[in-house]
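Enquirer: Please find start.cif (mmCIF, C-alpha atoms (C1' of nucleotides)) on the next line:
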```
data_final
#
loop_
_atom_site.label_atom_id
_atom_site.label_comp_id
_atom_site.auth_asym_id
_atom_site.auth_seq_id
_atom_site.Cartn_x
_atom_site.Cartn_y
_atom_site.Cartn_z
CA MET R 1 173.98 61.02 124.24
CA ALA R 2 176.27 57.94 124.10
CA SER R 3 178.63 58.10 121.12
CA PRO R 4 176.63 59.32 118.16
CA ARG R 5 177.96 58.47 114.73
CA TRP R 6 181.23 60.30 114.02
CA LEU R 7 181.41 62.68 111.07
CA ASP R 8 182.49 61.13 107.79
CA SER R 9 184.97 62.97 105.64
CA ASP R 10 182.47 65.09 103.71
CA GLU R 11 180.69 66.06 106.88
CA MET R 12 183.95 66.84 108.61
CA LYS R 13 185.13 68.98 105.75
CA ALA R 14 181.83 70.85 105.69
CA TRP R 15 181.89 71.45 109.41
CA ARG R 16 185.51 72.50 109.68
CA SER R 17 185.66 74.70 106.63
CA TYR R 18 182.39 76.32 107.63
CA ILE R 19 183.61 77.16 111.13
CA THR R 20 187.01 78.50 110.24
CA ALA R 21 185.97 80.37 107.11
CA SER R 22 183.08 81.96 108.97
CA VAL R 23 185.31 83.41 111.66
CA ASP R 24 187.71 84.76 109.06
CA LEU R 25 184.88 86.09 106.93
CA MET R 26 183.29 88.02 109.80
CA LYS R 27 186.61 89.64 110.61
CA ALA R 28 187.18 90.59 107.00
CA LEU R 29 183.72 92.14 106.68
CA GLU R 30 184.36 94.07 109.88
CA HIS R 31 187.63 95.29 108.47
CA ASP R 32 185.96 96.52 105.28
CA VAL R 33 183.34 98.71 106.95
CA ALA R 34 185.69 100.02 109.65
CA PRO R 35 187.09 102.88 107.52
CA HIS R 36 183.60 104.38 107.52
CA GLY R 37 183.60 104.61 111.27
CA ILE R 38 181.14 101.84 112.03
CA THR R 39 181.23 98.22 113.08
CA MET R 40 179.30 95.43 111.43
CA GLY R 41 177.03 95.52 114.46
CA ASP R 42 176.18 99.14 113.77
CA TYR R 43 175.79 98.43 110.08
CA GLN R 44 173.33 95.64 110.69
CA LEU R 45 171.41 97.81 113.08
CA LEU R 46 171.12 100.59 110.49
CA ALA R 47 170.24 98.12 107.75
CA MET R 48 167.56 96.49 109.84
CA ILE R 49 165.90 99.78 110.74
CA SER R 50 166.09 101.01 107.16
CA GLU R 51 163.94 98.11 106.01
CA ALA R 52 161.16 98.82 108.48
CA PRO R 53 158.15 101.00 107.63
CA ASP R 54 158.98 104.66 108.29
CA ARG R 55 162.52 103.51 108.96
CA ARG R 56 161.68 103.00 112.60
CA LEU R 57 161.53 99.86 114.67
CA ARG R 58 160.59 98.99 118.24
CA LEU R 59 163.72 98.39 120.30
CA CYS R 60 162.30 95.10 121.32
CA ASP R 61 161.88 93.82 117.77
CA LEU R 62 165.22 95.25 116.79
CA ALA R 63 166.92 93.34 119.58
CA ASP R 64 165.32 90.10 118.41
CA ALA R 65 166.27 90.72 114.81
CA LEU R 66 169.87 91.45 115.74
CA ARG R 67 170.09 88.50 118.11
CA LEU R 68 170.91 90.79 120.99
CA THR R 69 169.44 90.83 124.45
CA ARG R 70 167.52 93.97 125.33
CA SER R 71 170.41 95.02 127.47
CA GLY R 72 172.87 94.51 124.65
CA LEU R 73 170.72 96.61 122.38
CA THR R 74 170.47 99.43 124.92
CA ARG R 75 174.24 99.67 124.89
CA ARG R 76 174.59 99.46 121.13
CA MET R 77 171.91 102.12 120.75
CA ALA R 78 173.97 104.40 122.98
CA GLY R 79 176.73 104.30 120.39
CA VAL R 80 174.65 105.03 117.30
CA ILE R 81 172.58 107.66 119.09
CA ASP R 82 175.78 109.33 120.21
CA GLY R 83 176.97 109.23 116.61
CA GLY R 84 173.71 110.88 115.53
CA LEU R 85 172.81 107.97 113.24
CA VAL R 86 169.67 106.93 115.03
CA ALA R 87 167.15 108.67 117.25
CA ARG R 88 165.34 107.14 120.17
CA VAL R 89 161.65 107.97 119.87
CA GLN R 90 159.18 107.31 122.63
CA ASP R 91 155.81 105.83 121.72
CA ASP R 92 152.85 107.70 123.16
CA LYS R 93 150.30 104.96 122.77
CA ASP R 94 152.25 102.55 124.95
CA ARG R 95 154.63 104.44 127.11
CA ARG R 96 156.82 101.40 127.77
CA VAL R 97 157.95 101.17 124.19
CA ALA R 98 160.53 103.17 122.32
CA PHE R 99 161.52 103.14 118.68
CA ALA R 100 164.85 103.41 116.97
CA GLU R 101 164.51 105.74 114.03
CA LEU R 102 167.09 106.41 111.35
CA THR R 103 168.21 110.02 111.19
CA THR R 104 169.06 111.66 107.89
CA LYS R 105 172.69 111.30 108.84
CA GLY R 106 172.21 107.59 109.53
CA TRP R 107 170.36 107.10 106.27
CA ASN R 108 173.05 108.90 104.32
CA LEU R 109 175.75 106.88 105.97
CA LEU R 110 173.92 103.67 105.22
CA LYS R 111 173.54 104.65 101.57
CA LYS R 112 177.25 105.29 101.43
CA VAL R 113 178.35 102.11 103.22
CA ALA R 114 175.85 99.65 101.75
CA PRO R 115 177.61 99.38 98.37
CA VAL R 116 180.95 98.92 100.12
CA HIS R 117 179.52 96.15 102.24
CA LEU R 118 177.81 94.57 99.27
CA ALA R 119 181.08 94.58 97.39
CA SER R 120 182.76 92.83 100.34
CA VAL R 121 180.11 90.17 100.52
CA ARG R 122 180.54 89.53 96.81
CA ALA R 123 184.30 89.61 96.77
CA LEU R 124 184.78 87.51 99.87
CA MET R 125 181.95 85.04 99.50
CA ILE R 126 179.27 85.11 96.83
CA ASP R 127 181.46 85.55 93.77
CA HIS R 128 183.51 82.49 94.66
CA LEU R 129 180.49 80.23 94.59
CA SER R 130 178.70 78.31 91.87
CA ARG R 131 174.95 78.56 91.47
CA THR R 132 174.64 75.10 92.98
CA GLU R 133 176.61 76.09 96.04
CA ILE R 134 174.57 79.26 96.49
CA LYS R 135 171.31 77.38 96.32
CA ALA R 136 172.61 74.66 98.62
CA ILE R 137 173.75 77.19 101.21
CA GLY R 138 170.41 78.94 101.00
CA SER R 139 168.40 75.81 101.57
CA ALA R 140 170.78 74.33 104.12
CA PHE R 141 170.95 77.32 106.41
CA ALA R 142 167.26 78.02 106.02
CA LYS R 143 166.58 74.53 107.39
CA ILE R 144 169.15 74.90 110.15
CA GLY R 145 167.76 78.27 111.17
CA GLU R 146 164.19 77.08 111.02
CA ASN R 147 165.00 74.16 113.27
CA LEU R 148 166.76 76.40 115.78
CA ARG R 149 163.89 78.83 115.90
CA THR R 150 161.29 76.16 116.61
CA ALA R 151 163.38 74.17 119.10
CA MET L 1 183.56 100.42 94.66
CA ALA L 2 180.71 102.16 92.82
CA SER L 3 177.50 100.13 93.00
CA PRO L 4 178.43 96.52 92.45
CA ARG L 5 175.68 94.22 91.21
CA TRP L 6 173.01 93.71 93.87
CA LEU L 7 172.33 90.20 95.17
CA ASP L 8 169.70 88.26 93.27
CA SER L 9 167.14 86.28 95.23
CA ASP L 10 169.16 83.06 95.54
CA GLU L 11 172.21 84.97 96.63
CA MET L 12 170.22 87.01 99.09
CA LYS L 13 168.62 83.96 100.58
CA ALA L 14 172.01 82.27 100.90
CA TRP L 15 173.56 85.29 102.55
CA ARG L 16 170.74 86.06 104.95
CA SER L 17 170.01 82.53 106.02
CA TYR L 18 173.71 81.88 106.47
CA ILE L 19 174.21 84.92 108.69
CA THR L 20 171.21 84.49 110.92
CA ALA L 21 171.40 80.72 111.24
CA SER L 22 175.10 80.94 112.06
CA VAL L 23 174.55 83.27 114.98
CA ASP L 24 171.78 81.09 116.33
CA LEU L 25 173.80 77.94 115.77
CA MET L 26 176.82 79.23 117.68
CA LYS L 27 174.63 80.16 120.62
CA ALA L 28 172.98 76.76 120.62
CA LEU L 29 176.32 74.94 120.54
CA GLU L 30 177.50 77.12 123.41
CA HIS L 31 174.38 76.26 125.32
CA ASP L 32 174.95 72.53 124.84
CA VAL L 33 178.49 72.40 126.23
CA ALA L 34 177.80 74.85 129.06
CA PRO L 35 176.49 72.18 131.48
CA HIS L 36 179.98 70.65 131.43
CA GLY L 37 181.48 73.84 132.73
CA ILE L 38 183.23 75.00 129.58
CA THR L 39 182.60 77.42 126.76
CA MET L 40 182.93 76.61 123.08
CA GLY L 41 186.13 78.63 123.16
CA ASP L 42 187.56 76.33 125.79
CA TYR L 43 186.30 73.28 123.95
CA GLN L 44 187.97 74.31 120.74
CA LEU L 45 191.17 75.01 122.59
CA LEU L 46 191.16 71.54 124.14
CA ALA L 47 190.23 69.91 120.85
CA MET L 48 192.98 71.71 119.00
CA ILE L 49 195.65 70.73 121.49
CA SER L 50 194.42 67.15 121.58
CA GLU L 51 195.12 66.75 117.89
CA ALA L 52 198.72 67.89 118.16
CA PRO L 53 201.63 65.47 118.65
CA ASP L 54 202.12 64.78 122.37
CA ARG L 55 198.93 66.76 122.92
CA ARG L 56 200.95 69.93 123.22
CA LEU L 57 201.07 73.00 121.03
CA ARG L 58 203.06 76.21 120.94
CA LEU L 59 200.93 79.10 122.22
CA CYS L 60 201.72 80.96 119.10
CA ASP L 61 200.38 78.25 116.80
CA LEU L 62 197.43 77.69 119.05
CA ALA L 63 196.49 81.36 118.84
CA ASP L 64 196.61 81.24 115.05
CA ALA L 65 194.53 78.08 114.90
CA LEU L 66 191.90 79.54 117.21
CA ARG L 67 191.85 82.88 115.40
CA LEU L 68 192.85 84.68 118.56
CA THR L 69 195.50 87.31 119.05
CA ARG L 70 198.35 86.27 121.29
CA SER L 71 196.90 88.49 123.96
CA GLY L 72 193.50 86.88 123.65
CA LEU L 73 195.08 83.46 123.99
CA THR L 74 197.03 84.46 127.10
CA ARG L 75 193.76 85.32 128.78
CA ARG L 76 191.92 82.23 127.64
CA MET L 77 194.82 80.10 128.80
CA ALA L 78 194.47 81.64 132.25
CA GLY L 79 191.01 80.12 132.47
CA VAL L 80 191.84 76.59 131.40
CA ILE L 81 195.05 76.55 133.42
CA ASP L 82 193.11 77.67 136.44
CA GLY L 83 190.63 74.88 135.76
CA GLY L 84 193.53 72.40 135.60
CA LEU L 85 192.67 71.36 132.06
CA VAL L 86 195.86 72.55 130.45
CA ALA L 87 199.40 73.11 131.64
CA ARG L 88 201.73 75.83 130.47
CA VAL L 89 205.09 74.26 129.68
CA GLN L 90 208.18 76.33 128.97
CA ASP L 91 210.42 75.26 126.10
CA ASP L 92 214.09 74.99 127.02
CA LYS L 93 215.45 75.08 123.51
CA ASP L 94 213.96 78.47 122.78
CA ARG L 95 213.15 80.20 126.01
CA ARG L 96 210.71 82.61 124.39
CA VAL L 97 208.23 79.89 123.57
CA ALA L 98 205.76 78.08 125.77
CA PHE L 99 203.48 75.16 125.07
CA ALA L 100 199.95 74.42 126.08
CA GLU L 101 199.74 70.80 127.13
CA LEU L 102 196.60 68.84 127.88
CA THR L 103 196.49 67.52 131.44
CA THR L 104 194.89 64.19 132.25
CA LYS L 105 191.96 66.11 133.62
CA GLY L 106 191.67 68.10 130.41
CA TRP L 107 191.91 64.98 128.31
CA ASN L 108 189.24 63.24 130.35
CA LEU L 109 186.95 66.22 130.12
CA LEU L 110 187.44 66.39 126.38
CA LYS L 111 186.62 62.69 126.04
CA LYS L 112 183.45 63.29 127.97
CA VAL L 113 182.34 66.44 126.16
CA ALA L 114 183.34 65.50 122.61
CA PRO L 115 180.38 63.12 122.07
CA VAL L 116 178.01 65.72 123.47
CA HIS L 117 179.35 68.33 121.12
CA LEU L 118 179.30 65.92 118.21
CA ALA L 119 175.69 65.13 118.94
CA SER L 120 174.90 68.87 118.92
CA VAL L 121 176.61 69.41 115.62
CA ARG L 122 174.62 66.55 114.13
CA ALA L 123 171.31 67.46 115.65
CA LEU L 124 171.54 71.15 114.91
CA MET L 125 173.23 71.09 111.54
CA ILE L 126 174.58 68.02 109.79
CA ASP L 127 171.57 65.75 110.13
CA HIS L 128 169.30 68.32 108.52
CA LEU L 129 171.34 68.39 105.34
CA SER L 130 171.38 66.32 102.18
CA ARG L 131 174.60 64.88 100.82
CA THR L 132 174.55 67.54 98.12
CA GLU L 133 174.25 70.31 100.65
CA ILE L 134 177.06 68.90 102.76
CA LYS L 135 179.39 68.65 99.79
CA ALA L 136 178.42 72.11 98.60
CA ILE L 137 179.07 73.64 102.00
CA GLY L 138 182.40 71.87 102.18
CA SER L 139 183.57 73.12 98.82
CA ALA L 140 182.07 76.58 99.20
CA PHE L 141 183.60 77.41 102.56
CA ALA L 142 186.90 75.81 101.61
CA LYS L 143 187.12 78.26 98.71
CA ILE L 144 186.02 81.19 100.83
CA GLY L 145 188.52 80.35 103.54
CA GLU L 146 191.31 79.76 101.07
CA ASN L 147 190.69 83.13 99.49
CA LEU L 148 190.71 84.88 102.86
CA ARG L 149 193.93 83.24 103.90
CA THR L 150 195.80 84.26 100.76
CA ALA L 151 194.39 87.79 100.56
"C1'" DA H 1 231.38 90.08 119.22
"C1'" DA H 2 227.84 93.87 118.81
"C1'" DC H 3 223.61 95.29 117.82
"C1'" DA H 4 219.34 95.86 114.91
"C1'" DA H 5 215.36 93.44 113.70
"C1'" DA H 6 212.30 89.65 114.38
"C1'" DT H 7 209.65 86.62 117.30
"C1'" DG H 8 206.97 84.94 121.53
"C1'" DA H 9 204.41 86.13 125.28
"C1'" DT H 10 202.21 89.34 128.79
"C1'" DT H 11 199.91 93.53 130.62
"C1'" DG H 12 196.91 98.01 130.88
"C1'" DC H 13 193.16 99.80 129.00
"C1'" DG H 14 188.91 100.07 126.40
"C1'" DT H 15 184.78 98.01 124.15
"C1'" DG H 16 180.88 94.90 123.55
"C1'" DC H 17 177.58 92.30 125.51
"C1'" DG H 18 175.17 88.86 128.63
"C1'" DC H 19 172.88 88.00 133.23
"C1'" DA H 20 170.22 89.30 137.02
"C1'" DA H 21 167.93 92.80 139.30
"C1'" DC H 22 165.29 96.84 138.87
"C1'" DT H 23 161.70 100.44 137.31
"C1'" DA H 24 157.82 101.69 134.58
"C1'" DT H 25 153.88 100.63 132.21
"C1'" DC H 26 150.21 97.79 130.42
"C1'" DT H 27 146.77 93.69 130.46
"C1'" DG H 28 143.70 90.37 132.24
"C1'" DT H 29 140.94 88.51 136.06
"C1'" DC H 30 138.14 88.91 139.81
"C1'" DG X 1 138.66 99.35 140.12
"C1'" DA X 2 142.45 96.64 142.29
"C1'" DC X 3 146.13 93.84 141.86
"C1'" DA X 4 148.98 89.79 139.86
"C1'" DG X 5 151.49 88.92 136.02
"C1'" DA X 6 153.38 90.10 131.61
"C1'" DT X 7 156.11 93.23 128.79
"C1'" DA X 8 159.63 97.13 127.62
"C1'" DG X 9 163.66 99.09 128.68
"C1'" DT X 10 167.84 100.31 131.75
"C1'" DT X 11 171.61 99.55 135.02
"C1'" DG X 12 175.53 97.22 137.85
"C1'" DC X 13 178.63 93.90 137.37
"C1'" DG X 14 181.53 90.66 135.18
"C1'" DC X 15 183.88 88.27 131.31
"C1'" DA X 16 186.15 87.87 126.77
"C1'" DC X 17 189.10 89.79 123.75
"C1'" DG X 18 191.53 93.30 120.68
"C1'" DC X 19 195.14 97.05 120.43
"C1'" DA X 20 199.30 99.17 121.68
"C1'" DA X 21 203.10 99.09 124.57
"C1'" DT X 22 206.47 96.31 126.87
"C1'" DC X 23 209.87 92.68 128.11
"C1'" DA X 24 212.62 88.63 126.99
"C1'" DT X 25 214.95 86.01 123.84
"C1'" DT X 26 216.74 84.65 119.37
"C1'" DT X 27 218.47 85.53 114.62
"C1'" DG X 28 220.85 87.83 111.05
"C1'" DT X 29 224.31 91.34 109.55
"C1'" DT X 30 228.49 93.40 109.81
#
```
Please lay out the structure from this file as structure tokens.
Expert:
Amino acid sequence: MASPRWLDSDEMKAWRSYITASVDLMKALEHDVAPHGITMGDYQLLAMISEAPDRRLRLCDLADALRLTRSGLTRRMAGVIDGGLVARVQDDKDRRVAFAELTTKGWNLLKKVAPVHLASVRALMIDHLSRTEIKAIGSAFAKIGENLRTA
Amino acid sequence: MASPRWLDSDEMKAWRSYITASVDLMKALEHDVAPHGITMGDYQLLAMISEAPDRRLRLCDLADALRLTRSGLTRRMAGVIDGGLVARVQDDKDRRVAFAELTTKGWNLLKKVAPVHLASVRALMIDHLSRTEIKAIGSAFAKIGENLRTA
DNA sequence: AACAAATGATTGCGTGCGCAACTATCTGTC
DNA sequence: GACAGATAGTTGCGCACGCAATCATTTGTT
């Protein structure tokens, strides 16, 4: 761990602009969905469930997908259940497991908010980038993520 | 806001891999500095102050740089002041303003942790990327950040 | 000089979430 | 079939931080 090579100017620019822009970007995305009464956390939860078969997902798998601990998910679920967006359904094969299932209300909300969110992602990020940059970001973060998952 | 163009597969890959890898990356960086008794938030605070003239910075400017509200900064300062890493120095020109100043202890800690953090950034991100990817990330996030700052 | 508006910082309160401990259920081994 | 260990989910507690309200000080207008 003794003095690894310092970052050169390209690396430094990449690192710094990535960090600061990411924080700002997350806040801006949050700001854009807020008028619809949900947080980005809720949105991602709804989106994740909506992609699962039958629009239901084991809490366990949902927690992993959202990068939450099980305890964190329990608390977030409380919010969306209270809002009537998601139902908690007990499995009767394995009585330990429960599913999060999108309600009609949740599905309708998601259909309404998804285009808004998509427009944000475009306006704040994607539409500023060249094809080269998009491909580079895709491959770069895929490698970074892959490495983190296996390490 | 009616149905903007959906993301094509390159865009989708860029967006998804960016989001998930970023969350994982932040947690991993946090994990790597934790053994030294600080959080990434503290580290960034120390690093930011260390780059300022006289290693002191107005709280106000520090909050902006760290993307914290003034209230958030007040609370984070409490931690690092308590740890003896930073001192709160009152200005006597303008008695509203206070500075955060690195103590010797804070400076020594930063000198110790900086190489560790640098090694993390390399091992978890930079060293996995080609020159092209690094330059693309630099230019892409610079544009994204610039846009967010002016909008 | 007086006072309204701006600026810098702090505090009370609420939210989100992680950790560790706990309960309930299932699985594998003997 | 009994029991150790694994797996799913919840709960108590604590920390970080944002918002709105507040206080102190400075600046700009007249």
Enquirer: Under the PyMOL selection byres ((chain L and resi 77-83) around 10), which residues of this model are included? Write them out as a PyMOL selection string.
Expert: chain L and resi 37-38+42-43+45-46+59+71-76+84-88+100-103+105-106
Enquirer: Determine the nearest neighbour of DC13 in chain X from the options H:DA1, H:DC13, H:DC19, H:DA6, counting all atoms listed in the file.
Expert: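 For DC13 in chain X, the nearest of the candidates is H:DC19.
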Enquirer: Convert the output of the PyMOL selection byres ((chain H and resi 12) around 12) on the shown file into explicit residues, formatted as a list in words.
Expert: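 The output of the PyMOL selection byres ((chain H and resi 12) around 12) on this file is Ser71 of chain L; DT10, DT11, DC13 and DG14 of chain H; DC19, DA20, DA21 and DT22 of chain X.
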Enquirer: Name all residues at most 12 Å from Leu57 in chain R (count all atoms listed in the file; drop same-chain ones fewer than 3 positions away) and give them as a ChimeraX atom specification.
Expert: /R:45-54,60-66,86-91,97-102
Enquirer: List every residue of chain X that has an atom at most 9 Å from any atom of chain R, giving for each one its closest atom pair and the distance in Å to one decimal, counting all atoms listed in the file, sorted by chain and then by ascending residue number, as CSV.
Expert:
```
residue,atom,partner,partner_atom,distance
X:DT7,C1',R:Arg96,CA,8.3
X:DA8,C1',R:Arg96,CA,5.1
X:DG9,C1',R:Arg70,CA,7.2
X:DT10,C1',R:Ser71,CA,7.3
X:DT11,C1',R:Ser71,CA,8.9
```
Enquirer: Select residues of chain R: the criterion is any atom within 8 Å of an atom of chain L, counting only C-alpha atoms; output as a ChimeraX atom specification.
Expert: /R:1-4,6,10-11,13-15,17-18,20-25,28,67,115-116,118-119,124-126,128-129,132-145,147-148
Enquirer: Have a look at CA of Asp92 in chain L and CA of Asn108 in chain L and let me know their distance in Å, one decimal.
Expert: 27.7 Å
Enquirer: One decimal, Å: what's the distance from C1' of DA21 in chain H over to CA of Pro35 in chain L, could you say?
Expert: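 Interatomic distance here is 23.7 Å.
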Enquirer: Hey, which of H:DC3, H:DG8, H:DA20, H:DG28 ends up closest to chain L? Count only C-alpha atoms (C1' of nucleotides).
Expert: H:DG8
Enquirer: For chain R, work out the contacting residues on chain H at 8 Å, counting only C-alpha atoms (C1' of nucleotides), and write them as a PyMOL selection string.
Expert: chain H and resi 17-18+24-26
Enquirer: Which centre and which edge lengths, in Å to one decimal, describe the axis-aligned box that holds all listed atoms of range 6-15 of chain H after 8 Å is added on each side, as lines of an AutoDock Vina configuration file?
Expert:
```
center_x = 198.5
center_y = 92.5
center_z = 122.6
size_x = 43.5
size_y = 31.1
size_z = 32.5
```
Enquirer: Can you tell me how far CA of Val113 in chain L sits from CA of Ala34 in chain L, in Å to one decimal?
Expert: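 So the answer is 10.0 Å.
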Enquirer: Set the distance at 12 Å and use all atoms listed in the file: which residues neighbour DA4 in chain X once local chain neighbours fewer than 2 positions away are removed? I'd like the list as a list of chain:residue names.
Expert: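 Those residues are H:DT27, H:DG28, H:DT29, H:DC30, X:DA2, X:DA6.
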